[in-house]
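> See upload.csv below, with CSV, C-alpha atoms.
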```csv
chain,number,residue,atom,x,y,z
A,1,MET,CA,0.0,0.0,0.0
A,2,GLU,CA,1.5,3.3,-1.0
A,3,TYR,CA,1.5,6.1,1.5
A,4,GLY,CA,-1.2,8.5,0.5
A,5,THR,CA,-3.1,6.4,-1.9
A,6,ASP,CA,-5.9,5.4,0.7
A,7,SER,CA,-8.5,7.6,2.2
A,8,HIS,CA,-6.9,7.9,5.6
A,9,TRP,CA,-6.9,11.4,7.1
A,10,LEU,CA,-3.1,11.4,7.1
A,11,ASN,CA,-2.4,11.0,3.4
A,12,LYS,CA,0.8,12.1,1.7
A,13,GLU,CA,-0.4,15.6,0.8
A,14,ARG,CA,-1.7,16.4,4.3
A,15,PHE,CA,1.4,14.9,5.9
A,16,VAL,CA,3.6,17.3,4.0
A,17,THR,CA,1.3,20.2,4.7
A,18,TYR,CA,1.2,19.5,8.4
A,19,SER,CA,5.0,19.2,8.6
A,20,ARG,CA,5.4,22.6,6.8
A,21,VAL,CA,2.8,24.3,9.0
A,22,PHE,CA,4.4,23.1,12.3
A,23,PHE,CA,7.9,23.9,11.1
A,24,LEU,CA,6.6,27.5,10.5
A,25,VAL,CA,4.9,27.6,13.9
A,26,TYR,CA,8.0,26.3,15.8
A,27,PHE,CA,10.3,28.6,13.8
A,28,ILE,CA,8.2,31.7,14.7
A,29,LEU,CA,7.9,30.6,18.3
A,30,ALA,CA,11.7,30.1,18.4
A,31,ILE,CA,12.3,33.6,17.1
A,32,GLY,CA,9.9,35.0,19.7
A,33,VAL,CA,11.6,33.1,22.5
A,34,ILE,CA,15.1,34.4,21.4
A,35,ALA,CA,13.8,37.9,21.0
A,36,HIS,CA,12.6,37.8,24.7
A,37,SER,CA,15.6,35.8,25.9
A,38,ASN,CA,18.6,36.6,27.9
A,39,LEU,CA,20.6,36.8,24.7
A,40,VAL,CA,18.8,40.0,23.9
A,41,LYS,CA,18.0,41.4,27.4
A,42,ALA,CA,19.5,40.6,30.8
A,43,ASP,CA,16.2,39.7,32.4
A,44,GLY,CA,14.9,37.7,29.4
A,45,PHE,CA,13.9,34.1,29.1
A,46,PRO,CA,16.9,31.7,29.6
A,47,VAL,CA,18.0,29.8,26.5
A,48,TRP,CA,21.1,27.7,25.7
A,49,PHE,CA,21.6,27.0,29.4
A,50,ASP,CA,22.7,23.4,28.9
A,51,PHE,CA,25.2,24.5,26.2
A,52,ALA,CA,26.5,27.0,28.7
A,53,VAL,CA,27.5,24.0,30.9
A,54,PHE,CA,29.3,22.4,27.9
A,55,TRP,CA,31.2,25.7,27.2
A,56,SER,CA,32.1,26.2,30.8
A,57,ALA,CA,33.4,22.6,31.2
A,58,SER,CA,35.5,23.3,28.1
A,59,LYS,CA,36.8,26.5,29.6
A,60,VAL,CA,38.0,25.0,32.8
A,61,THR,CA,39.6,22.1,30.8
A,62,LEU,CA,41.5,24.5,28.6
A,63,LEU,CA,42.8,26.2,31.7
A,64,GLY,CA,44.4,22.8,32.6
A,65,HIS,CA,42.0,21.8,35.3
A,66,ALA,CA,39.7,19.2,33.7
A,67,THR,CA,38.5,17.8,37.1
A,68,ASP,CA,37.1,21.3,37.9
A,69,ALA,CA,34.3,20.5,35.5
A,70,TYR,CA,33.0,18.0,38.1
A,71,ASN,CA,33.4,20.6,40.9
A,72,LEU,CA,30.1,22.5,41.2
A,73,ASP,CA,31.7,25.7,42.7
A,74,LYS,CA,34.4,26.0,40.1
A,75,LEU,CA,32.1,25.1,37.2
A,76,HIS,CA,29.5,27.6,38.3
A,77,ALA,CA,32.1,30.3,38.7
A,78,VAL,CA,32.5,30.1,34.9
A,79,LEU,CA,28.8,29.6,34.3
A,80,HIS,CA,28.0,32.8,36.1
A,81,THR,CA,30.1,34.7,33.6
A,82,LEU,CA,27.5,33.6,31.0
A,83,HIS,CA,24.4,33.5,33.1
A,84,PRO,CA,24.8,35.4,36.4
A,85,GLU,CA,21.3,34.3,37.5
A,86,ILE,CA,22.0,30.5,37.1
A,87,ASN,CA,21.0,28.4,40.1
A,88,LYS,CA,23.9,26.3,41.5
A,89,GLY,CA,21.5,23.5,42.4
A,90,SER,CA,20.2,23.1,38.9
A,91,TYR,CA,23.2,22.4,36.7
A,92,GLY,CA,26.2,20.1,37.0
A,93,TRP,CA,28.6,18.1,34.9
A,94,PHE,CA,27.9,14.3,35.0
A,95,TYR,CA,29.4,13.2,31.7
A,96,PRO,CA,32.3,10.8,31.4
A,97,PRO,CA,35.8,12.0,30.4
A,98,SER,CA,35.2,10.9,26.8
A,99,TYR,CA,32.5,13.5,26.4
A,100,LEU,CA,34.6,16.1,28.3
A,101,LEU,CA,37.4,15.5,25.8
A,102,LEU,CA,35.0,15.8,22.9
A,103,ILE,CA,33.8,19.2,23.9
A,104,SER,CA,37.1,20.4,25.4
A,105,GLN,CA,37.9,22.8,22.6
A,106,LEU,CA,34.6,24.6,22.4
A,107,ALA,CA,35.8,27.5,24.6
A,108,ARG,CA,38.6,28.4,22.2
A,109,VAL,CA,35.9,30.5,20.5
A,110,SER,CA,33.1,32.6,21.9
A,111,PHE,CA,30.0,31.1,23.4
A,112,LEU,CA,27.8,32.1,20.5
A,113,HIS,CA,30.3,30.8,17.9
A,114,ALA,CA,30.8,27.5,19.8
A,115,TYR,CA,27.0,27.0,20.0
A,116,LEU,CA,26.6,27.6,16.2
A,117,ILE,CA,29.5,25.2,15.4
A,118,PHE,CA,28.4,22.4,17.8
A,119,MET,CA,24.7,22.6,16.9
A,120,SER,CA,25.2,22.9,13.1
A,121,ILE,CA,27.5,19.9,12.9
A,122,SER,CA,25.4,17.7,15.2
A,123,LEU,CA,22.1,18.7,13.5
A,124,ALA,CA,23.6,18.0,10.0
A,125,ALA,CA,24.7,14.5,11.1
A,126,TYR,CA,21.3,13.9,12.7
A,127,ALA,CA,19.4,15.0,9.5
A,128,LEU,CA,21.7,12.9,7.3
A,129,VAL,CA,21.0,9.8,9.4
A,130,VAL,CA,17.2,10.4,9.3
A,131,ARG,CA,17.4,10.9,5.6
A,132,ARG,CA,19.3,7.7,5.1
A,133,ILE,CA,16.7,5.8,7.2
A,134,CYS,CA,13.7,7.2,5.2
A,135,THR,CA,14.6,8.2,1.7
A,136,THR,CA,11.3,9.8,0.7
A,137,PRO,CA,11.4,13.5,-0.1
A,138,GLN,CA,9.0,14.2,2.8
A,139,ALA,CA,11.4,12.9,5.4
A,140,LEU,CA,13.2,16.2,6.0
A,141,TRP,CA,10.0,18.1,6.2
A,142,ALA,CA,8.7,15.7,8.8
A,143,LEU,CA,12.0,16.3,10.7
A,144,ALA,CA,11.7,20.1,10.5
A,145,GLY,CA,8.2,19.9,11.9
A,146,PHE,CA,9.2,17.5,14.7
A,147,SER,CA,9.0,19.4,18.0
A,148,GLY,CA,11.8,17.4,19.5
A,149,ILE,CA,14.5,19.3,17.5
A,150,TRP,CA,13.3,22.7,18.6
A,151,ASP,CA,13.8,22.0,22.3
A,152,ASN,CA,17.2,20.6,21.7
A,153,LEU,CA,18.1,23.8,19.7
A,154,LEU,CA,16.8,26.1,22.5
A,155,THR,CA,18.6,24.3,25.3
A,156,GLY,CA,21.8,23.7,23.3
A,157,GLN,CA,21.9,20.0,24.1
A,158,ASN,CA,23.5,16.9,22.6
A,159,GLY,CA,20.3,15.1,21.5
A,160,PHE,CA,21.3,15.5,17.8
A,161,LEU,CA,24.7,14.0,18.5
A,162,THR,CA,23.6,10.9,20.4
A,163,ALA,CA,20.7,10.2,18.0
A,164,ALA,CA,23.1,10.5,15.0
A,165,ILE,CA,25.6,8.1,16.6
A,166,ALA,CA,22.9,5.6,17.5
A,167,GLY,CA,21.2,5.8,14.1
A,168,GLY,CA,24.5,5.6,12.3
A,169,ALA,CA,25.5,2.5,14.2
A,170,LEU,CA,22.2,0.7,13.4
A,171,LEU,CA,22.3,1.7,9.7
A,172,LEU,CA,25.8,0.1,9.4
A,173,LEU,CA,25.2,-3.0,11.5
A,174,ASP,CA,24.4,-5.5,8.7
A,175,LYS,CA,27.2,-4.5,6.2
A,176,ARG,CA,29.9,-3.0,8.5
A,177,PRO,CA,29.4,-4.6,12.0
A,178,VAL,CA,32.8,-3.5,13.3
A,179,LEU,CA,32.3,0.1,12.4
A,180,ALA,CA,28.7,-0.1,13.8
A,181,GLY,CA,30.1,-1.5,17.1
A,182,ILE,CA,32.7,1.3,17.3
A,183,LEU,CA,29.9,3.9,16.9
A,184,ALA,CA,27.7,2.1,19.4
A,185,GLY,CA,30.6,2.2,21.9
A,186,LEU,CA,31.0,5.9,21.4
A,187,LEU,CA,27.5,6.3,23.0
A,188,SER,CA,29.4,5.8,26.3
A,189,ILE,CA,29.6,9.6,26.2
A,190,LYS,CA,26.0,9.2,27.6
A,191,PRO,CA,26.0,5.6,29.0
A,192,GLN,CA,22.3,5.5,29.9
A,193,LEU,CA,21.5,5.6,26.2
A,194,ALA,CA,23.8,2.7,25.3
A,195,VAL,CA,22.3,0.0,27.6
A,196,LEU,CA,20.2,-1.8,24.9
A,197,PHE,CA,22.9,-2.0,22.3
A,198,PRO,CA,24.8,-5.0,23.8
A,199,VAL,CA,21.4,-6.6,24.5
A,200,ALA,CA,20.5,-6.3,20.9
A,201,PHE,CA,23.9,-7.4,19.6
A,202,ILE,CA,23.8,-10.5,21.8
A,203,ALA,CA,20.2,-11.4,20.9
A,204,SER,CA,21.0,-11.2,17.2
A,205,GLY,CA,24.4,-12.8,17.4
A,206,SER,CA,26.2,-9.7,16.2
A,207,TRP,CA,29.4,-10.7,18.0
A,208,LYS,CA,31.8,-8.5,15.9
A,209,ALA,CA,29.7,-5.5,16.7
A,210,LEU,CA,29.5,-6.4,20.4
A,211,ILE,CA,33.3,-6.8,20.7
A,212,ALA,CA,33.9,-3.6,18.8
A,213,ALA,CA,31.4,-1.7,21.0
A,214,ALA,CA,33.0,-2.9,24.2
A,215,CYS,CA,36.5,-2.0,23.0
A,216,SER,CA,35.4,1.4,21.7
A,217,SER,CA,33.7,2.2,24.9
A,218,VAL,CA,36.6,1.2,27.2
A,219,ILE,CA,39.2,2.8,25.0
A,220,SER,CA,37.3,6.1,24.6
A,221,ILE,CA,36.8,6.5,28.3
A,222,LEU,CA,40.2,5.3,29.5
A,223,GLY,CA,42.0,7.1,26.7
A,224,ALA,CA,40.2,10.4,27.5
A,225,SER,CA,41.0,9.9,31.2
A,226,ALA,CA,44.7,9.4,30.3
A,227,LEU,CA,44.7,12.6,28.2
A,228,LEU,CA,42.8,14.7,30.7
A,229,GLY,CA,44.2,13.2,33.8
A,230,GLY,CA,43.3,10.0,35.6
A,231,ASP,CA,41.5,11.9,38.3
A,232,THR,CA,38.8,12.8,35.9
A,233,LEU,CA,37.6,9.2,35.8
A,234,ILE,CA,37.3,9.2,39.6
A,235,ALA,CA,35.6,12.6,39.6
A,236,TRP,CA,33.1,11.3,37.1
A,237,PHE,CA,32.2,8.3,39.2
A,238,GLN,CA,31.8,10.6,42.2
A,239,SER,CA,29.5,13.0,40.2
A,240,LEU,CA,27.0,10.2,39.5
A,241,ASP,CA,25.8,10.3,43.1
A,242,LEU,CA,25.0,14.0,42.7
A,243,ALA,CA,23.2,13.2,39.5
A,244,ARG,CA,21.0,10.7,41.5
A,245,VAL,CA,20.3,13.5,44.0
A,246,PHE,CA,19.3,15.8,41.2
A,247,LEU,CA,16.9,13.1,39.9
A,248,GLU,CA,15.3,12.5,43.2
A,249,ILE,CA,14.9,16.0,44.5
A,250,GLY,CA,14.8,18.0,41.3
A,251,GLY,CA,11.3,19.1,41.8
A,252,THR,CA,8.2,19.5,39.6
A,253,ASN,CA,9.9,21.7,37.0
A,254,PHE,CA,12.7,19.2,36.6
A,255,TRP,CA,10.4,16.1,36.5
A,256,MET,CA,8.1,17.8,33.9
A,257,ARG,CA,11.0,17.7,31.5
A,258,MET,CA,11.7,14.0,32.2
A,259,PRO,CA,9.8,11.6,29.9
A,260,THR,CA,10.4,8.6,32.3
A,261,VAL,CA,8.2,6.3,34.3
A,262,PHE,CA,10.1,7.5,37.5
A,263,ALA,CA,9.2,11.2,36.8
A,264,SER,CA,5.6,10.4,35.7
A,265,THR,CA,4.8,8.5,38.9
A,266,HIS,CA,6.7,10.9,41.1
A,267,LEU,CA,4.7,13.8,39.7
A,268,LEU,CA,1.6,12.0,40.7
A,269,GLY,CA,2.8,11.9,44.3
A,270,ALA,CA,4.2,8.4,44.4
A,271,PRO,CA,7.1,8.0,47.0
A,272,LYS,CA,10.6,7.7,45.7
A,273,ILE,CA,11.0,4.0,46.3
A,274,LEU,CA,7.7,3.2,44.5
A,275,SER,CA,8.6,5.3,41.6
A,276,TYR,CA,11.9,3.4,41.3
A,277,VAL,CA,10.2,0.1,41.5
A,278,LEU,CA,7.6,1.0,38.9
A,279,HIS,CA,10.3,2.3,36.6
A,280,LEU,CA,12.5,-0.8,37.1
A,281,THR,CA,9.5,-3.0,36.3
A,282,VAL,CA,8.7,-1.2,33.1
A,283,SER,CA,12.3,-1.0,32.0
A,284,SER,CA,12.8,-4.7,32.6
A,285,ALA,CA,9.8,-5.5,30.4
A,286,VAL,CA,11.2,-3.2,27.8
A,287,LEU,CA,14.6,-4.9,27.9
A,288,VAL,CA,12.9,-8.3,27.4
A,289,SER,CA,10.8,-7.0,24.6
A,290,VAL,CA,13.7,-5.6,22.7
A,291,TRP,CA,15.6,-8.8,23.3
A,292,MET,CA,12.8,-10.9,21.8
A,293,ILE,CA,12.4,-8.6,18.8
A,294,TRP,CA,16.0,-8.8,18.0
A,295,ARG,CA,16.1,-12.5,18.6
A,296,ARG,CA,13.0,-13.4,16.5
A,297,CYS,CA,12.6,-10.7,13.9
A,298,LYS,CA,14.9,-10.5,10.9
A,299,GLU,CA,13.6,-7.1,9.6
A,300,PRO,CA,16.2,-4.4,10.4
A,301,MET,CA,13.7,-1.6,10.3
A,302,LEU,CA,11.5,-3.1,13.0
A,303,ARG,CA,14.5,-4.1,15.1
A,304,ASN,CA,16.1,-0.7,14.9
A,305,ALA,CA,12.8,1.1,15.7
A,306,ALA,CA,12.3,-1.1,18.7
A,307,LEU,CA,15.8,-0.4,20.1
A,308,ALA,CA,15.6,3.3,19.6
A,309,THR,CA,12.2,3.5,21.2
A,310,GLY,CA,13.1,1.1,24.1
A,311,THR,CA,16.2,3.2,24.9
A,312,LEU,CA,14.0,6.1,26.0
A,313,LEU,CA,12.4,3.8,28.6
A,314,ILE,CA,15.4,2.2,30.2
A,315,SER,CA,17.0,4.9,32.4
A,316,PRO,CA,15.2,7.1,34.9
A,317,TYR,CA,17.5,9.9,33.9
A,318,ILE,CA,16.3,10.9,30.5
A,319,LEU,CA,15.3,14.4,29.6
A,320,ILE,CA,13.1,16.0,26.9
A,321,TYR,CA,16.0,16.7,24.6
A,322,ASP,CA,16.8,13.0,24.4
A,323,LEU,CA,13.4,12.7,22.6
A,324,THR,CA,15.3,13.7,19.4
A,325,TRP,CA,15.7,9.9,19.3
A,326,LEU,CA,12.0,9.5,18.4
A,327,ALA,CA,12.7,10.6,14.9
A,328,LEU,CA,14.6,7.3,14.4
A,329,PRO,CA,11.7,4.9,15.2
A,330,ILE,CA,9.2,7.2,13.4
A,331,ALA,CA,11.4,7.1,10.3
A,332,TRP,CA,12.1,3.4,10.4
A,333,PHE,CA,8.5,2.3,11.2
A,334,GLY,CA,7.1,4.8,8.8
A,335,ARG,CA,9.3,3.4,6.0
A,336,TYR,CA,8.4,-0.2,6.9
A,337,ALA,CA,4.6,0.6,6.9
A,338,MET,CA,4.9,2.5,3.6
A,339,GLU,CA,6.4,-0.6,2.0
A,340,TRP,CA,4.2,-3.2,3.6
A,341,GLY,CA,1.0,-1.4,4.3
A,342,TRP,CA,-0.5,0.4,7.4
A,343,GLN,CA,-2.6,-1.3,10.0
A,344,ARG,CA,-5.3,0.5,12.0
A,345,GLY,CA,-4.0,3.1,14.5
A,346,GLU,CA,-0.4,3.0,13.4
A,347,ARG,CA,-0.3,6.4,11.8
A,348,GLU,CA,-2.0,7.9,14.9
A,349,VAL,CA,0.7,6.4,17.1
A,350,LEU,CA,3.4,7.9,15.0
A,351,ILE,CA,1.8,11.3,15.0
A,352,ALA,CA,1.4,11.1,18.8
A,353,ALA,CA,5.2,10.4,19.1
A,354,TRP,CA,5.9,13.2,16.6
A,355,PHE,CA,4.0,15.7,18.7
A,356,LEU,CA,5.1,14.3,22.1
A,357,PRO,CA,8.0,16.6,23.0
A,358,ALA,CA,5.8,19.7,22.8
A,359,VAL,CA,2.6,18.1,24.2
A,360,MET,CA,4.3,16.6,27.2
A,361,LEU,CA,5.5,20.0,28.4
A,362,ILE,CA,2.1,21.7,27.9
A,363,LEU,CA,0.3,18.9,29.8
A,364,ALA,CA,2.9,18.7,32.5
A,365,HIS,CA,2.8,22.4,33.0
A,366,TYR,CA,-1.0,22.8,33.2
A,367,VAL,CA,-2.2,19.5,34.8
A,368,THR,CA,1.1,18.2,36.2
A,369,VAL,CA,0.8,14.9,34.4
A,370,GLN,CA,3.7,13.3,32.5
A,371,ILE,CA,2.3,11.3,29.6
A,372,ALA,CA,5.6,10.8,27.7
A,373,PRO,CA,6.6,7.3,28.9
A,374,TRP,CA,3.2,5.9,28.2
A,375,VAL,CA,3.1,7.3,24.6
A,376,ILE,CA,6.6,5.8,24.1
A,377,LEU,CA,5.4,2.5,25.5
A,378,LEU,CA,2.5,2.6,23.0
A,379,LEU,CA,4.9,3.2,20.2
A,380,LEU,CA,7.0,0.2,21.3
A,381,TYR,CA,3.9,-1.9,21.5
A,382,THR,CA,3.0,-0.9,18.0
A,383,ILE,CA,6.4,-2.0,16.8
A,384,TRP,CA,6.2,-5.2,18.8
A,385,ARG,CA,2.9,-6.1,17.3
A,386,ARG,CA,4.4,-6.1,13.8
A,387,ALA,CA,7.7,-7.7,14.8
A,388,ILE,CA,6.4,-10.6,16.9
A,389,ASN,CA,2.9,-11.3,15.7
A,390,GLY,CA,3.7,-12.6,12.2
A,391,HIS,CA,4.1,-9.3,10.5
A,392,CYS,CA,7.8,-9.4,10.1
A,393,GLN,CA,7.8,-10.4,6.4
A,394,ARG,CA,11.6,-10.5,5.7
```
For the file at hand, write its structure as structure tokens.


Amino acid sequence: MEYGTDSHWLNKERFVTYSRVFFLVYFILAIGVIAHSNLVKADGFPVWFDFAVFWSASKVTLLGHATDAYNLDKLHAVLHTLHPEINKGSYGWFYPPSYLLLISQLARVSFLHAYLIFMSISLAAYALVVRRICTTPQALWALAGFSGIWDNLLTGQNGFLTAAIAGGALLLLDKRPVLAGILAGLLSIKPQLAVLFPVAFIASGSWKALIAAACSSVISILGASALLGGDTLIAWFQSLDLARVFLEIGGTNFWMRMPTVFASTHLLGAPKILSYVLHLTVSSAVLVSVWMIWRRCKEPMLRNAALATGTLLISPYILIYDLTWLALPIAWFGRYAMEWGWQRGEREVLIAAWFLPAVMLILAHYVTVQIAPWVILLLLYTIWRRAINGHCQR
């Protein structure tokens, strides 16, 4: 069934129109936010705060004190030169030495120039990966109208980078497993996003990729530690406890931006231990589901869509900018359904995922309900239904 040849409300023409309309809406909103931001006036709306952390970590590293990135007082001393109003309790550096090394040269140029360089390169890589997944001309319009990219741009985060690495690894897996494994190992810059890759590789018997990923991960972290100083590795491990504290006591505004079962249940008033238990229960079920899909299904598009979707449900420490990953399963599953025909409700699920980053914030702000993990679970179920229930046709 060709996409757009049936009478469904989301046919090809409407799909392109909606994408262009929402791109225009988000573009105008972004201009409005920047016009009233702290980039234009001192008391304006804060933007690029997360990138300010990257730039500040780079600054202290270039001064020869890489471990200072993990020291809140010293990191915030630099952050305050960019954003004097920043709250010390809201931002920290929890990344491993490999990511610190990657961004270590950003502060050689001004904050604005560093932002433009980092975001341009990572966005280009992200768009290239999505375009390789779904080769239809409409793919980039769908990406431009995807609300997930706009939050990442306004916060200055690394969602484009991690999604590009993950998507690139999965695209290369069948033909170049060693290179795919090396890329997967580089996701150790954000370890909570790499958990399902070894699970998938083992389930599918992709041993070359698994070994390459393990080597890439270890070499990148230890190599970066050697270059920056061995104490950075220790400092990173120590910072993880502070990240846990941020997760547990971050408050409503923080949890509203976390598309996780932990945040969703905590926002509803569940105690910390119950929120952890519920999150662990769901993430365990997700892990088993991804294992089974990669074990039984031979269709790469469904496998890859499941892994990218499941990744967003594994760790309790996932934030809204990580939802840039949703473009990957939307593209893979959309391409699969365009080739093999749509089933009832599938397009609606993809549209819900496409709108999710924007909608989750609006709902969480006005009714203090976090719907994101449940929408992502619905997307995973939609993929599961195809992959397991006799619809994997290759």

> Between CA of Ser220 (chain A) and CA of Leu186 (chain A), measure the distance and give it in Å to one decimal.

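Atom-to-atom, CA of Ser220 (chain A) and CA of Leu186 (chain A) are spaced 7.1 Å apart.
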
> Rank A:Ile371, A:Trp207, A:Gly310, A:Phe51 by their smallest atom-to-atom distance to His113 (chain A), using only C-alpha atoms, and report the top residue only.

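Checking each candidate against His113 (chain A), we get A:Phe51 as the closest.
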
> Excluding Gly269 (chain A) and any residue of its chain fewer than 4 positions from it, enumerate the residues within 12 Å of it, using only C-alpha atoms, and give them as a list in words.

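Near Gly269 (chain A), the qualifying residues are Gly251, Thr252, Trp255, Phe262, Ala263, Ser264, Thr265, Ile273, Leu274, Ser275, Thr368, Val369 and Gln370 of chain A.
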
> Pick out the closest residue to Trp374 (chain A) from this set: A:Val282, A:Leu361, A:Gly92, A:Leu233. Count only C-alpha atoms.

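For Trp374 (chain A), the nearest of the given residues is A:Val282.
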
> Give me the residues within 9 Å of Leu193 (chain A) as a PDB file with C-alpha atoms, in the coordinates of the input, counting only C-alpha atoms and dropping any in the same chain fewer than 3 places off.


```pdb
ATOM      1  CA  THR A 162      23.600  10.900  20.400  1.00  0.00           C
ATOM      2  CA  ALA A 166      22.900   5.600  17.500  1.00  0.00           C
ATOM      3  CA  LEU A 187      27.500   6.300  23.000  1.00  0.00           C
ATOM      4  CA  SER A 188      29.400   5.800  26.300  1.00  0.00           C
ATOM      5  CA  LYS A 190      26.000   9.200  27.600  1.00  0.00           C
ATOM      6  CA  LEU A 196      20.200  -1.800  24.900  1.00  0.00           C
ATOM      7  CA  PHE A 197      22.900  -2.000  22.300  1.00  0.00           C
ATOM      8  CA  THR A 311      16.200   3.200  24.900  1.00  0.00           C
ATOM      9  CA  LEU A 312      14.000   6.100  26.000  1.00  0.00           C
ATOM     10  CA  ILE A 314      15.400   2.200  30.200  1.00  0.00           C
ATOM     11  CA  SER A 315      17.000   4.900  32.400  1.00  0.00           C
ATOM     12  CA  ILE A 318      16.300  10.900  30.500  1.00  0.00           C
ATOM     13  CA  ASP A 322      16.800  13.000  24.400  1.00  0.00           C
TER      14      ASP A 322
END
```

> Which is closer to Leu319 (chain A) than all the others in A:Trp332, A:Phe355, A:Ser283, A:Thr155, using only C-alpha atoms?

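So, comparing all the options, the nearest one is A:Thr155.
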
> Expressed in Å to a single decimal, how great is the separation between CA of His80 (chain A) and CA of Leu123 (chain A)?

27.3 Å

> What are the nearest atom pairs, with distances in Å to one decimal, for all residues of region 95-181 of chain A that come at most 9 Å from region 30-47 of chain A, using all atoms listed in the file, set out by chain and rising residue number as CSV?


```
residue,atom,partner,partner_atom,distance
A:Trp150,CA,A:Ala30,CA,7.6
A:Leu154,CA,A:Val47,CA,5.6
A:Thr155,CA,A:Val47,CA,5.7
A:Gly156,CA,A:Val47,CA,7.9
```

> Can I get the selected residues back with C-alpha atoms, as an mmCIF file, keeping the file's coordinate frame?


```
data_model
loop_
_atom_site.group_PDB
_atom_site.id
_atom_site.type_symbol
_atom_site.label_atom_id
_atom_site.label_comp_id
_atom_site.auth_asym_id
_atom_site.auth_seq_id
_atom_site.Cartn_x
_atom_site.Cartn_y
_atom_site.Cartn_z
ATOM 1 C CA TRP A 150 13.300 22.700 18.600
ATOM 2 C CA LEU A 154 16.800 26.100 22.500
ATOM 3 C CA THR A 155 18.600 24.300 25.300
ATOM 4 C CA GLY A 156 21.800 23.700 23.300
#
```
